[in-house]
file final-v1.cif (mmCIF, C-alpha atoms)
data_target
#
loop_
_atom_site.label_atom_id
_atom_site.label_comp_id
_atom_site.auth_asym_id
_atom_site.auth_seq_id
_atom_site.Cartn_x
_atom_site.Cartn_y
_atom_site.Cartn_z
CA LEU K 1 19.29 -10.81 -8.62
CA LEU K 2 20.45 -8.24 -6.09
CA ASP K 3 22.16 -8.83 -2.76
CA TRP K 4 20.03 -6.60 -0.55
CA GLY K 5 20.50 -8.67 2.57
CA LEU K 6 18.03 -10.97 4.27
CA ARG K 7 14.60 -11.56 2.72
CA LEU K 8 11.77 -11.03 5.18
CA THR K 9 8.12 -11.98 4.67
CA ILE K 10 4.78 -11.10 6.23
CA MET K 11 1.33 -12.45 5.35
CA LEU K 12 -1.97 -10.57 5.59
CA THR K 13 -5.48 -11.90 4.92
CA LEU K 14 -8.60 -9.96 3.95
CA PRO K 15 -11.89 -11.02 5.62
CA ALA K 16 -14.20 -13.26 3.60
CA ALA K 17 -17.05 -10.72 3.31
CA LEU K 18 -14.73 -8.11 1.81
CA THR K 19 -13.02 -10.64 -0.46
CA GLU K 20 -16.31 -11.87 -1.92
CA ALA K 21 -17.39 -8.33 -2.81
CA LEU K 22 -13.92 -7.55 -4.14
CA LEU K 23 -14.01 -10.52 -6.52
CA THR K 24 -17.55 -10.00 -7.79
CA ARG K 25 -19.23 -6.65 -7.13
CA VAL K 26 -16.31 -4.35 -7.93
CA PRO K 27 -15.17 -5.94 -11.25
CA ALA K 28 -18.79 -6.28 -12.38
CA ALA K 29 -19.54 -2.62 -11.66
CA PHE K 30 -16.52 -1.47 -13.69
CA HIS K 31 -16.68 -4.13 -16.43
CA GLY K 32 -13.16 -5.26 -15.65
CA GLY K 33 -11.15 -8.04 -14.04
CA ILE K 34 -9.80 -8.66 -10.58
CA ASN K 35 -6.28 -7.53 -11.57
CA ASP K 36 -7.68 -4.10 -12.49
CA VAL K 37 -9.10 -3.84 -8.96
CA LEU K 38 -6.08 -5.18 -7.08
CA LEU K 39 -3.59 -3.02 -8.98
CA THR K 40 -5.68 0.12 -8.57
CA GLY K 41 -5.68 -0.46 -4.84
CA LEU K 42 -1.94 -1.09 -4.87
CA ALA K 43 -1.21 2.07 -6.87
CA VAL K 44 -3.29 4.14 -4.44
CA ALA K 45 -1.59 2.51 -1.45
CA ILE K 46 1.91 3.14 -2.83
CA ALA K 47 1.09 6.79 -3.58
CA ASP K 48 -0.28 7.33 -0.07
CA TRP K 49 2.65 5.46 1.51
CA ARG K 50 5.22 7.54 -0.39
CA ARG K 51 3.41 10.72 0.61
CA ARG K 52 3.46 9.84 4.29
CA HIS K 53 7.01 8.45 4.29
CA ASP K 54 8.43 11.16 2.01
CA ARG K 55 9.54 8.56 -0.55
CA GLY K 56 8.78 10.57 -3.69
CA GLY K 57 12.03 9.55 -5.36
CA ASN K 58 12.72 11.13 -8.73
CA ILE K 59 9.12 11.18 -9.95
CA GLY K 60 8.40 14.67 -8.69
CA ARG K 61 5.95 16.09 -6.20
CA GLY K 62 2.28 15.56 -6.96
CA SER K 63 2.88 12.62 -9.28
CA HIS K 64 1.23 9.29 -8.49
CA GLY K 65 3.01 7.14 -11.06
CA VAL K 66 4.63 3.83 -10.16
CA VAL K 67 6.45 1.23 -12.27
CA LEU K 68 5.74 -2.39 -11.37
CA ASP K 69 6.82 -5.75 -12.69
CA LEU K 70 3.68 -7.81 -13.31
CA GLU K 71 3.72 -11.57 -13.57
CA GLY K 72 1.32 -13.11 -16.07
CA HIS K 73 0.27 -16.71 -16.53
CA GLY K 74 -0.84 -16.84 -20.18
CA ARG K 75 -4.09 -18.65 -19.34
CA GLU K 76 -6.40 -15.68 -18.96
CA GLU K 77 -9.81 -16.66 -20.30
CA VAL K 78 -11.16 -14.34 -22.97
CA ILE K 79 -14.92 -14.02 -23.21
CA GLY K 80 -17.26 -11.62 -24.95
CA ARG K 81 -19.22 -8.94 -23.15
CA GLU K 82 -22.53 -10.54 -24.05
CA GLU K 83 -21.54 -13.64 -22.06
CA VAL K 84 -20.84 -11.63 -18.92
CA LEU K 85 -23.98 -9.54 -18.56
CA GLY K 86 -25.75 -10.52 -15.37
CA ARG K 87 -23.08 -13.06 -14.39
CA GLU K 88 -21.04 -11.44 -11.66
CA GLU K 89 -19.53 -14.71 -10.52
CA VAL K 90 -17.39 -15.18 -13.63
CA LEU K 91 -15.69 -11.86 -13.02
CA GLY K 92 -14.11 -13.26 -9.87
CA ARG K 93 -11.45 -14.90 -12.00
CA GLU K 94 -8.72 -13.10 -13.88
CA GLU K 95 -10.29 -12.41 -17.25
CA VAL K 96 -9.98 -9.98 -20.10
CA LEU K 97 -13.27 -8.81 -21.55
CA GLY K 98 -13.54 -8.22 -25.26
CA ARG K 99 -9.78 -8.46 -25.79
CA GLU K 100 -7.61 -10.39 -28.21
CA GLU K 101 -6.93 -13.94 -27.09
CA VAL K 102 -3.25 -14.81 -26.64
CA PHE K 103 -3.60 -18.34 -28.05
CA ALA K 104 -6.68 -17.95 -30.21
CA GLU K 105 -6.20 -21.17 -32.19
CA VAL K 106 -4.54 -23.33 -29.53
CA ASP K 107 -6.40 -25.78 -27.29
CA LEU K 108 -4.80 -25.54 -23.83
CA SER K 109 -7.21 -27.89 -22.06
CA ARG K 110 -4.74 -30.80 -22.07
CA THR K 111 -1.72 -28.81 -20.95
CA ILE K 112 -0.40 -28.34 -17.43
CA GLY K 113 1.13 -25.27 -15.85
CA TRP K 114 1.37 -21.59 -16.69
CA PHE K 115 3.00 -19.72 -19.55
CA THR K 116 4.66 -17.39 -17.09
CA SER K 117 5.65 -13.93 -18.24
CA LEU K 118 7.14 -10.94 -16.44
CA PHE K 119 6.75 -7.45 -17.83
CA PRO K 120 6.97 -3.87 -16.56
CA VAL K 121 4.02 -1.50 -16.59
CA ARG K 122 3.71 2.10 -15.45
CA LEU K 123 0.52 2.84 -13.56
CA ASP K 124 -0.30 6.52 -13.19
CA LEU K 125 -3.32 7.62 -11.19
CA GLY K 126 -3.06 11.17 -12.50
CA ALA K 127 -4.34 14.02 -10.36
CA LEU K 128 -5.92 12.17 -7.45
CA ASP K 129 -7.14 13.29 -4.04
CA LEU K 130 -5.68 10.43 -2.02
CA ASP K 131 -7.68 11.16 1.12
CA GLU K 132 -10.95 11.25 -0.82
CA ALA K 133 -10.00 8.07 -2.69
CA LEU K 134 -9.16 6.15 0.50
CA ALA K 135 -12.54 7.23 1.86
CA GLY K 136 -14.24 5.51 -1.09
CA GLY K 137 -15.11 8.69 -2.99
CA SER K 138 -15.81 9.18 -6.67
CA SER K 139 -12.14 9.83 -7.48
CA LEU K 140 -11.42 6.21 -6.60
CA GLY K 141 -13.80 5.04 -9.32
CA ARG K 142 -12.09 7.30 -11.86
CA ALA K 143 -8.74 5.91 -10.73
CA LEU K 144 -9.90 2.35 -11.36
CA LYS K 145 -11.02 3.22 -14.89
CA THR K 146 -7.66 4.92 -15.52
CA ILE K 147 -5.63 1.91 -14.33
CA LYS K 148 -7.90 -0.48 -16.24
CA GLU K 149 -7.23 1.41 -19.48
CA GLN K 150 -3.48 1.47 -18.87
CA LEU K 151 -3.41 -2.29 -18.26
CA ARG K 152 -5.48 -3.02 -21.35
CA ALA K 153 -3.11 -0.93 -23.46
CA VAL K 154 -0.36 -3.51 -22.85
CA PRO K 155 -0.27 -5.73 -25.98
CA ARG K 156 -1.21 -9.37 -25.31
CA LYS K 157 -0.91 -8.81 -21.54
CA GLY K 158 2.85 -8.38 -21.80
CA LEU K 159 3.53 -11.87 -23.14
CA GLY K 160 5.90 -10.56 -25.82
CA TYR K 161 8.01 -8.33 -23.56
CA GLY K 162 10.66 -10.96 -22.82
CA LEU K 163 11.18 -11.59 -26.53
CA LEU K 164 11.60 -7.87 -27.21
CA ARG K 165 13.79 -7.28 -24.16
CA TYR K 166 16.21 -10.19 -24.51
CA LEU K 167 15.96 -11.89 -27.92
CA ASN K 168 15.37 -9.06 -30.40
CA SER K 169 18.63 -7.21 -31.06
CA GLU K 170 16.79 -4.16 -32.44
CA THR K 171 14.67 -3.61 -29.33
CA ALA K 172 16.81 -5.09 -26.54
CA ALA K 173 19.20 -2.14 -26.41
CA ALA K 174 16.38 0.40 -26.17
CA LEU K 175 14.50 -1.50 -23.47
CA ALA K 176 17.68 -2.15 -21.46
CA GLY K 177 18.06 1.59 -20.90
CA PHE K 178 15.06 1.88 -18.59
CA ALA K 179 15.25 1.56 -14.82
CA GLU K 180 14.24 -1.78 -13.38
CA PRO K 181 10.98 -1.80 -11.35
CA GLN K 182 11.51 -2.02 -7.61
CA ILE K 183 8.18 -3.74 -6.89
CA ALA K 184 6.79 -6.99 -8.35
CA PHE K 185 3.14 -8.06 -8.18
CA ASN K 186 1.61 -11.45 -8.88
CA TYR K 187 -2.01 -12.53 -8.39
CA LEU K 188 -2.12 -16.31 -8.58
CA GLY K 189 -5.91 -16.66 -8.85
CA ARG K 190 -8.66 -18.32 -6.85
CA PHE K 191 -8.23 -21.78 -5.36
CA GLY K 192 -11.19 -23.83 -4.14
CA ARG K 193 -11.56 -26.16 -1.19
CA PHE K 194 -11.34 -29.90 -1.74
CA ALA K 195 -14.35 -31.35 0.04
CA ALA K 196 -17.00 -34.00 -0.57
CA LEU K 197 -20.41 -33.88 1.11
CA GLY K 198 -19.08 -31.65 3.86
CA ALA K 199 -16.25 -34.02 4.81
CA VAL K 200 -12.83 -32.60 3.92
CA ASP K 201 -10.64 -35.45 2.68
CA TRP K 202 -7.67 -33.27 1.82
CA GLU K 203 -6.88 -29.58 1.57
CA LEU K 204 -3.98 -27.29 0.73
CA ALA K 205 -1.26 -27.45 3.35
CA GLU K 206 -0.70 -24.35 5.46
CA ASP K 207 2.70 -23.81 3.80
CA GLU K 208 0.97 -23.67 0.42
CA VAL K 209 -0.66 -20.41 1.44
CA ARG K 210 2.79 -18.85 1.18
CA LEU K 211 2.95 -19.81 -2.49
CA GLY K 212 5.25 -17.42 -4.31
CA GLY K 213 6.97 -16.17 -1.16
CA GLY K 214 10.29 -17.69 -2.19
CA ASP K 215 13.16 -19.18 -0.23
CA ALA K 216 14.36 -16.89 2.55
CA ALA K 217 17.97 -17.56 1.48
CA MET K 218 17.34 -16.67 -2.17
CA PRO K 219 18.41 -13.18 -3.30
CA LEU K 220 15.58 -10.84 -4.19
CA SER K 221 15.06 -9.55 -7.71
CA HIS K 222 12.93 -6.64 -6.41
CA CYS K 223 12.94 -4.47 -3.34
CA VAL K 224 9.36 -5.60 -2.59
CA GLU K 225 7.48 -8.60 -3.98
CA VAL K 226 3.73 -9.13 -3.51
CA ASN K 227 2.26 -12.57 -4.18
CA ALA K 228 -1.49 -12.77 -3.63
CA LEU K 229 -4.06 -15.52 -4.03
CA THR K 230 -7.63 -16.25 -2.99
CA LEU K 231 -8.39 -19.37 -0.97
CA GLU K 232 -11.88 -20.77 -0.47
CA GLY K 233 -12.59 -21.39 3.19
CA ALA K 234 -15.53 -22.64 5.21
CA ASP K 235 -16.76 -19.04 5.57
CA GLY K 236 -16.05 -18.05 1.97
CA PRO K 237 -13.08 -16.82 -0.07
CA ARG K 238 -10.22 -14.95 1.58
CA LEU K 239 -7.59 -12.88 -0.21
CA THR K 240 -4.15 -13.66 1.20
CA ALA K 241 -1.07 -11.61 0.34
CA ASN K 242 2.55 -12.53 1.00
CA TRP K 243 4.88 -9.53 1.13
CA SER K 244 8.62 -10.17 0.78
CA TRP K 245 11.16 -7.39 1.05
CA ALA K 246 14.85 -6.63 1.43
CA GLN K 247 15.76 -6.01 5.06
CA ALA K 248 18.57 -3.68 4.04
CA LEU K 249 16.17 -1.27 2.34
CA LEU K 250 12.93 -1.32 4.32
CA THR K 251 11.84 -2.03 7.86
CA ALA K 252 9.12 -4.47 8.81
CA ALA K 253 6.99 -1.58 10.07
CA GLU K 254 7.24 0.23 6.72
CA VAL K 255 6.22 -2.84 4.73
CA ARG K 256 3.38 -3.69 7.09
CA ASP K 257 2.13 -0.11 6.77
CA LEU K 258 2.13 -0.43 2.95
CA ALA K 259 0.38 -3.81 3.09
CA GLN K 260 -2.31 -2.55 5.43
CA THR K 261 -2.80 0.58 3.30
CA TRP K 262 -3.37 -1.69 0.29
CA PHE K 263 -6.11 -3.53 2.18
CA ARG K 264 -7.57 -0.14 3.19
CA ALA K 265 -7.67 0.86 -0.48
CA LEU K 266 -9.34 -2.43 -1.44
CA GLU K 267 -11.95 -1.97 1.29
CA ALA K 268 -12.56 1.57 -0.02
CA LEU K 269 -13.14 0.13 -3.52
CA VAL K 270 -15.77 -2.23 -2.12
CA ARG K 271 -17.51 0.66 -0.35
CA HIS K 272 -17.37 2.79 -3.47
CA ALA K 273 -18.82 0.04 -5.70
CA GLY K 274 -21.79 -0.20 -3.33
CA GLN K 275 -22.75 3.43 -3.85
CA ALA K 276 -25.52 4.47 -6.23
CA GLY K 277 -24.18 5.35 -9.66
CA ALA K 278 -20.75 3.83 -9.06
CA GLY K 279 -18.98 1.91 -11.82
CA GLY K 280 -19.43 2.23 -15.53
CA ARG K 281 -17.51 1.61 -18.71
CA SER K 282 -14.25 2.94 -20.07
CA PRO K 283 -13.15 3.37 -23.72
CA SER K 284 -11.68 -0.12 -24.15
CA ASP K 285 -15.05 -1.67 -23.28
CA LEU K 286 -16.54 -0.15 -26.43
CA ALA K 287 -14.42 -1.48 -29.27
CA LEU K 288 -16.72 -0.34 -32.09
CA VAL K 289 -16.98 3.35 -31.16
CA ALA K 290 -14.34 5.99 -30.43
CA LEU K 291 -15.52 7.72 -27.25
CA THR K 292 -13.54 9.46 -24.55
CA GLN K 293 -14.09 8.71 -20.87
CA ALA K 294 -15.90 12.04 -20.45
CA GLU K 295 -18.22 11.28 -23.38
CA ILE K 296 -19.02 7.82 -21.99
CA GLU K 297 -19.85 9.27 -18.58
CA ARG K 298 -22.15 11.89 -20.15
CA LEU K 299 -24.05 9.10 -21.89
CA GLU K 300 -24.19 7.07 -18.67
CA SER K 301 -25.67 10.07 -16.87
CA GLN K 302 -28.49 10.15 -19.46
CA TYR K 303 -28.96 6.36 -19.52
CA PRO K 304 -28.05 4.87 -16.10
CA ARG K 305 -28.45 1.30 -17.37
CA ILE K 306 -26.63 0.58 -20.63
CA GLU K 307 -26.14 -2.79 -22.30
CA ASP K 308 -23.92 -1.52 -25.10
CA ILE K 309 -22.95 1.51 -27.17
CA LEU K 310 -22.65 0.93 -30.92
CA PRO K 311 -22.02 2.95 -34.08
CA LEU K 312 -24.81 3.65 -36.55
CA SER K 313 -25.16 1.87 -39.86
CA PRO K 314 -25.10 4.17 -42.94
CA LEU K 315 -28.89 3.84 -43.30
CA GLN K 316 -29.39 4.75 -39.64
CA GLU K 317 -27.18 7.80 -40.04
CA GLY K 318 -29.23 8.94 -43.04
CA LEU K 319 -32.54 8.48 -41.25
CA LEU K 320 -31.23 10.27 -38.17
CA PHE K 321 -30.06 13.21 -40.31
CA HIS K 322 -33.48 13.60 -41.93
CA ALA K 323 -35.23 13.30 -38.56
CA LEU K 324 -33.05 16.06 -37.08
CA TYR K 325 -32.84 18.32 -40.13
CA ASP K 326 -36.25 19.87 -39.57
CA ALA K 327 -37.83 18.52 -36.44
CA ARG K 328 -41.10 20.43 -37.03
CA ALA K 329 -41.62 19.12 -40.57
CA PRO K 330 -43.34 15.79 -41.28
CA ASP K 331 -40.92 12.86 -41.21
CA VAL K 332 -41.54 11.22 -44.59
CA TYR K 333 -39.67 8.10 -43.48
CA THR K 334 -42.09 7.37 -40.66
CA VAL K 335 -44.49 4.58 -41.58
CA GLN K 336 -47.57 3.87 -39.45
CA LEU K 337 -49.31 0.54 -39.71
CA ASP K 338 -52.74 -0.05 -38.16
CA LEU K 339 -53.78 -3.58 -37.25
CA GLU K 340 -57.38 -4.46 -36.46
CA LEU K 341 -57.66 -7.43 -34.09
CA VAL K 342 -60.87 -9.46 -34.30
CA GLY K 343 -62.07 -11.58 -31.41
CA VAL K 344 -61.32 -11.72 -27.71
CA LEU K 345 -57.99 -10.01 -26.94
CA ASP K 346 -55.73 -11.48 -24.26
CA ALA K 347 -54.00 -8.22 -23.34
CA ALA K 348 -51.53 -9.90 -20.95
CA ALA K 349 -50.42 -12.40 -23.62
CA LEU K 350 -50.03 -9.63 -26.20
CA GLU K 351 -47.94 -7.56 -23.80
CA ALA K 352 -45.78 -10.57 -22.90
CA ALA K 353 -45.24 -11.36 -26.58
CA LEU K 354 -44.28 -7.76 -27.31
CA GLN K 355 -41.82 -7.69 -24.40
CA ALA K 356 -40.31 -10.98 -25.60
CA VAL K 357 -39.73 -9.61 -29.09
CA VAL K 358 -38.23 -6.38 -27.79
CA GLY K 359 -36.06 -8.28 -25.32
CA ARG K 360 -34.77 -10.61 -28.04
CA HIS K 361 -33.74 -7.88 -30.49
CA ALA K 362 -31.37 -5.22 -29.19
CA SER K 363 -32.05 -2.94 -32.15
CA LEU K 364 -35.61 -2.43 -30.86
CA ARG K 365 -34.16 -1.07 -27.61
CA ALA K 366 -31.82 1.45 -29.24
CA CYS K 367 -31.67 5.12 -28.30
CA PHE K 368 -29.76 7.58 -30.46
CA TRP K 369 -27.47 10.37 -29.30
CA HIS K 370 -25.45 12.89 -31.31
CA GLU K 371 -24.98 16.03 -29.21
CA HIS K 372 -21.34 16.90 -28.42
CA LEU K 373 -20.07 13.74 -30.15
CA GLY K 374 -17.90 13.42 -33.23
CA ARG K 375 -20.22 10.74 -34.62
CA PRO K 376 -23.71 9.75 -33.45
CA VAL K 377 -24.07 6.50 -31.51
CA GLN K 378 -26.87 4.15 -30.53
CA ILE K 379 -27.25 3.19 -26.90
CA ILE K 380 -28.79 -0.20 -26.18
CA VAL K 381 -30.84 -0.14 -22.98
CA PRO K 382 -32.27 -3.18 -21.13
CA ARG K 383 -35.95 -2.18 -21.53
#
call {"tool": "encode", "arguments": {"input": "final-v1.cif", "output": "structure tokens"}}
result
Amino acid sequence: LLDWGLRLTIMLTLPAALTEALLTRVPAAFHGGINDVLLTGLAVAIADWRRRHDRGGNIGRGSHGVVLDLEGHGREEVIGREEVLGREEVLGREEVLGREEVFAEVDLSRTIGWFTSLFPVRLDLGALDLDEALAGGSSLGRALKTIKEQLRAVPRKGLGYGLLRYLNSETAAALAGFAEPQIAFNYLGRFGRFAALGAVDWELAEDEVRLGGGDAAMPLSHCVEVNALTLEGADGPRLTANWSWAQALLTAAEVRDLAQTWFRALEALVRHAGQAGAGGRSPSDLALVALTQAEIERLESQYPRIEDILPLSPLQEGLLFHALYDARAPDVYTVQLDLELVGVLDAAALEAALQAVVGRHASLRACFWHEHLGRPVQIIVPR
């Protein structure tokens, strides 16, 4: 804990309409979680704030990297991609899609509280046009995919960092040599209203909104601390953020500027997600194939709606080779079967049955692509 003088706090709230889209539309479009969205917005806001306030520090001109301390809770729900398709509402909670579960064999349903962890992570937006990003342009979507991949690269969501930093003698010395992050971020999740049949019997107290703000007399462990949560209100959910900072290092105007820029970046993400063609997958979404971001985006440009991208089985690879080897020659592996139907044909029922079979079996909706790829892949499309 550092004695940086008095701790000051401000609280900002995002309107309900923007919060609802932020919790559902944006994560669904990018196949990610709410933390991916919030931290992308924060990284963009910090980069823009440093540019305008000439606070580049020792990272060098043109760099948009920032090191943050992230607080984790150890209760992130892990679900498969097939359970998420078409269910935007579940993405409003902090979830990790297709990732390893921290406590795979442990039933936590009868436990209380969080398995709190604190770990550093470096978020680097790369070469980013900040003005275009804050306007909701395409570079903002690429930034979100970049931050999402960097967050997913952290093993087990950082739960083991404390053990390596403080309890493992072989790693503690190496980790102790790095600079401590100056900013801490914590998203506490989404909290519902307590109401029955429209009559509110009890609700969270107003002071509870400042959850995580800390005692004003307590020394700060970071220059700036951001504690955010979503509260359900009568008009919908609202994202509320408490910003605490050291008075000796920053002015209230500087912190308010950073907080408002974060909300500007989040609003820009909502606008971007509403544009045609926005969103898409990133490499960690496709665990069974090794594709770069550029390769994924080329496939998405050919197939705007993709359910999944999978490798080929050995038999599929062989058949694809023979089909491509001489495209003008007869394909000896093609088998045609003619069926003669006798009686009155219900064409609508036959079509419905065919659509049901195709809809049930993803392999019947597979397209195959090999150009400019190290290995061919099959793309599963909805229809």
call {"tool": "closest_residue", "arguments": {"input": "final-v1.cif", "among": "K:Gln316, K:Thr230, K:Gln355, K:Gln247", "to": "Leu6 in chain K", "atoms": "all atoms listed in the file"}}
result
K:Gln247
call {"tool": "resolve_selection", "arguments": {"input": "final-v1.cif", "expression": "the PyMOL selection byres ((chain K and resi 259) around 12)", "output": "mmCIF file with C-alpha atoms, keeping the file's coordinate frame"}}
result
data_model
loop_
_atom_site.group_PDB
_atom_site.id
_atom_site.type_symbol
_atom_site.label_atom_id
_atom_site.label_comp_id
_atom_site.auth_asym_id
_atom_site.auth_seq_id
_atom_site.Cartn_x
_atom_site.Cartn_y
_atom_site.Cartn_z
ATOM 1 C CA THR K 9 8.120 -11.980 4.670
ATOM 2 C CA ILE K 10 4.780 -11.100 6.230
ATOM 3 C CA MET K 11 1.330 -12.450 5.350
ATOM 4 C CA LEU K 12 -1.970 -10.570 5.590
ATOM 5 C CA THR K 13 -5.480 -11.900 4.920
ATOM 6 C CA LEU K 14 -8.600 -9.960 3.950
ATOM 7 C CA GLY K 41 -5.680 -0.460 -4.840
ATOM 8 C CA LEU K 42 -1.940 -1.090 -4.870
ATOM 9 C CA ALA K 43 -1.210 2.070 -6.870
ATOM 10 C CA VAL K 44 -3.290 4.140 -4.440
ATOM 11 C CA ALA K 45 -1.590 2.510 -1.450
ATOM 12 C CA ILE K 46 1.910 3.140 -2.830
ATOM 13 C CA ASP K 48 -0.280 7.330 -0.070
ATOM 14 C CA TRP K 49 2.650 5.460 1.510
ATOM 15 C CA VAL K 224 9.360 -5.600 -2.590
ATOM 16 C CA GLU K 225 7.480 -8.600 -3.980
ATOM 17 C CA VAL K 226 3.730 -9.130 -3.510
ATOM 18 C CA ASN K 227 2.260 -12.570 -4.180
ATOM 19 C CA ALA K 228 -1.490 -12.770 -3.630
ATOM 20 C CA THR K 240 -4.150 -13.660 1.200
ATOM 21 C CA ALA K 241 -1.070 -11.610 0.340
ATOM 22 C CA ASN K 242 2.550 -12.530 1.000
ATOM 23 C CA TRP K 243 4.880 -9.530 1.130
ATOM 24 C CA SER K 244 8.620 -10.170 0.780
ATOM 25 C CA TRP K 245 11.160 -7.390 1.050
ATOM 26 C CA ALA K 252 9.120 -4.470 8.810
ATOM 27 C CA ALA K 253 6.990 -1.580 10.070
ATOM 28 C CA GLU K 254 7.240 0.230 6.720
ATOM 29 C CA VAL K 255 6.220 -2.840 4.730
ATOM 30 C CA ARG K 256 3.380 -3.690 7.090
ATOM 31 C CA ASP K 257 2.130 -0.110 6.770
ATOM 32 C CA LEU K 258 2.130 -0.430 2.950
ATOM 33 C CA GLN K 260 -2.310 -2.550 5.430
ATOM 34 C CA THR K 261 -2.800 0.580 3.300
ATOM 35 C CA TRP K 262 -3.370 -1.690 0.290
ATOM 36 C CA PHE K 263 -6.110 -3.530 2.180
ATOM 37 C CA ARG K 264 -7.570 -0.140 3.190
ATOM 38 C CA ALA K 265 -7.670 0.860 -0.480
ATOM 39 C CA LEU K 266 -9.340 -2.430 -1.440
#
call {"tool": "atom_distance", "arguments": {"input": "final-v1.cif", "atom1": "CA of Gly32 in chain K", "atom2": "CA of Arg383 in chain K"}}
result
23.7 Å
call {"tool": "resolve_selection", "arguments": {"input": "final-v1.cif", "expression": "the PyMOL selection byres ((chain K and resi 320) around 12)", "output": "PDB file with C-alpha atoms, in the frame of the given file"}}
result
ATOM      1  CA  LEU K 312     -24.810   3.650 -36.550  1.00  0.00           C
ATOM      2  CA  SER K 313     -25.160   1.870 -39.860  1.00  0.00           C
ATOM      3  CA  PRO K 314     -25.100   4.170 -42.940  1.00  0.00           C
ATOM      4  CA  LEU K 315     -28.890   3.840 -43.300  1.00  0.00           C
ATOM      5  CA  GLN K 316     -29.390   4.750 -39.640  1.00  0.00           C
ATOM      6  CA  GLU K 317     -27.180   7.800 -40.040  1.00  0.00           C
ATOM      7  CA  GLY K 318     -29.230   8.940 -43.040  1.00  0.00           C
ATOM      8  CA  LEU K 319     -32.540   8.480 -41.250  1.00  0.00           C
ATOM      9  CA  PHE K 321     -30.060  13.210 -40.310  1.00  0.00           C
ATOM     10  CA  HIS K 322     -33.480  13.600 -41.930  1.00  0.00           C
ATOM     11  CA  ALA K 323     -35.230  13.300 -38.560  1.00  0.00           C
ATOM     12  CA  LEU K 324     -33.050  16.060 -37.080  1.00  0.00           C
ATOM     13  CA  TYR K 325     -32.840  18.320 -40.130  1.00  0.00           C
ATOM     14  CA  ASP K 326     -36.250  19.870 -39.570  1.00  0.00           C
ATOM     15  CA  ALA K 327     -37.830  18.520 -36.440  1.00  0.00           C
ATOM     16  CA  ASP K 331     -40.920  12.860 -41.210  1.00  0.00           C
ATOM     17  CA  TYR K 333     -39.670   8.100 -43.480  1.00  0.00           C
ATOM     18  CA  THR K 334     -42.090   7.370 -40.660  1.00  0.00           C
ATOM     19  CA  CYS K 367     -31.670   5.120 -28.300  1.00  0.00           C
ATOM     20  CA  PHE K 368     -29.760   7.580 -30.460  1.00  0.00           C
ATOM     21  CA  TRP K 369     -27.470  10.370 -29.300  1.00  0.00           C
ATOM     22  CA  HIS K 370     -25.450  12.890 -31.310  1.00  0.00           C
ATOM     23  CA  ARG K 375     -20.220  10.740 -34.620  1.00  0.00           C
ATOM     24  CA  PRO K 376     -23.710   9.750 -33.450  1.00  0.00           C
ATOM     25  CA  VAL K 377     -24.070   6.500 -31.510  1.00  0.00           C
ATOM     26  CA  GLN K 378     -26.870   4.150 -30.530  1.00  0.00           C
TER      27      GLN K 378
END
call {"tool": "residues_around", "arguments": {"input": "final-v1.cif", "residues": "Leu123 in chain K", "least_positions_apart": "6", "cutoff": "10 Å", "atoms": "all atoms listed in the file", "output": "list in words"}}
result
Leu39, Thr40, Leu42, Ala43, Val44, His64, Gly65, Val66, Val67, Leu68, Thr146, Ile147, Lys148, Glu149, Gln150 and Leu151 of chain K
call {"tool": "closest_residue", "arguments": {"input": "final-v1.cif", "among": "K:Phe119, K:Asp54, K:Leu22, K:Leu188", "to": "Arg165 in chain K", "atoms": "only C-alpha atoms"}}
result
K:Phe119
call {"tool": "atom_distance", "arguments": {"input": "final-v1.cif", "atom1": "CA of Cys223 in chain K", "atom2": "CA of Pro181 in chain K"}}
result
8.7 Å
call {"tool": "atom_distance", "arguments": {"input": "final-v1.cif", "atom1": "CA of Gly374 in chain K", "atom2": "CA of Glu307 in chain K"}}
result
21.2 Å
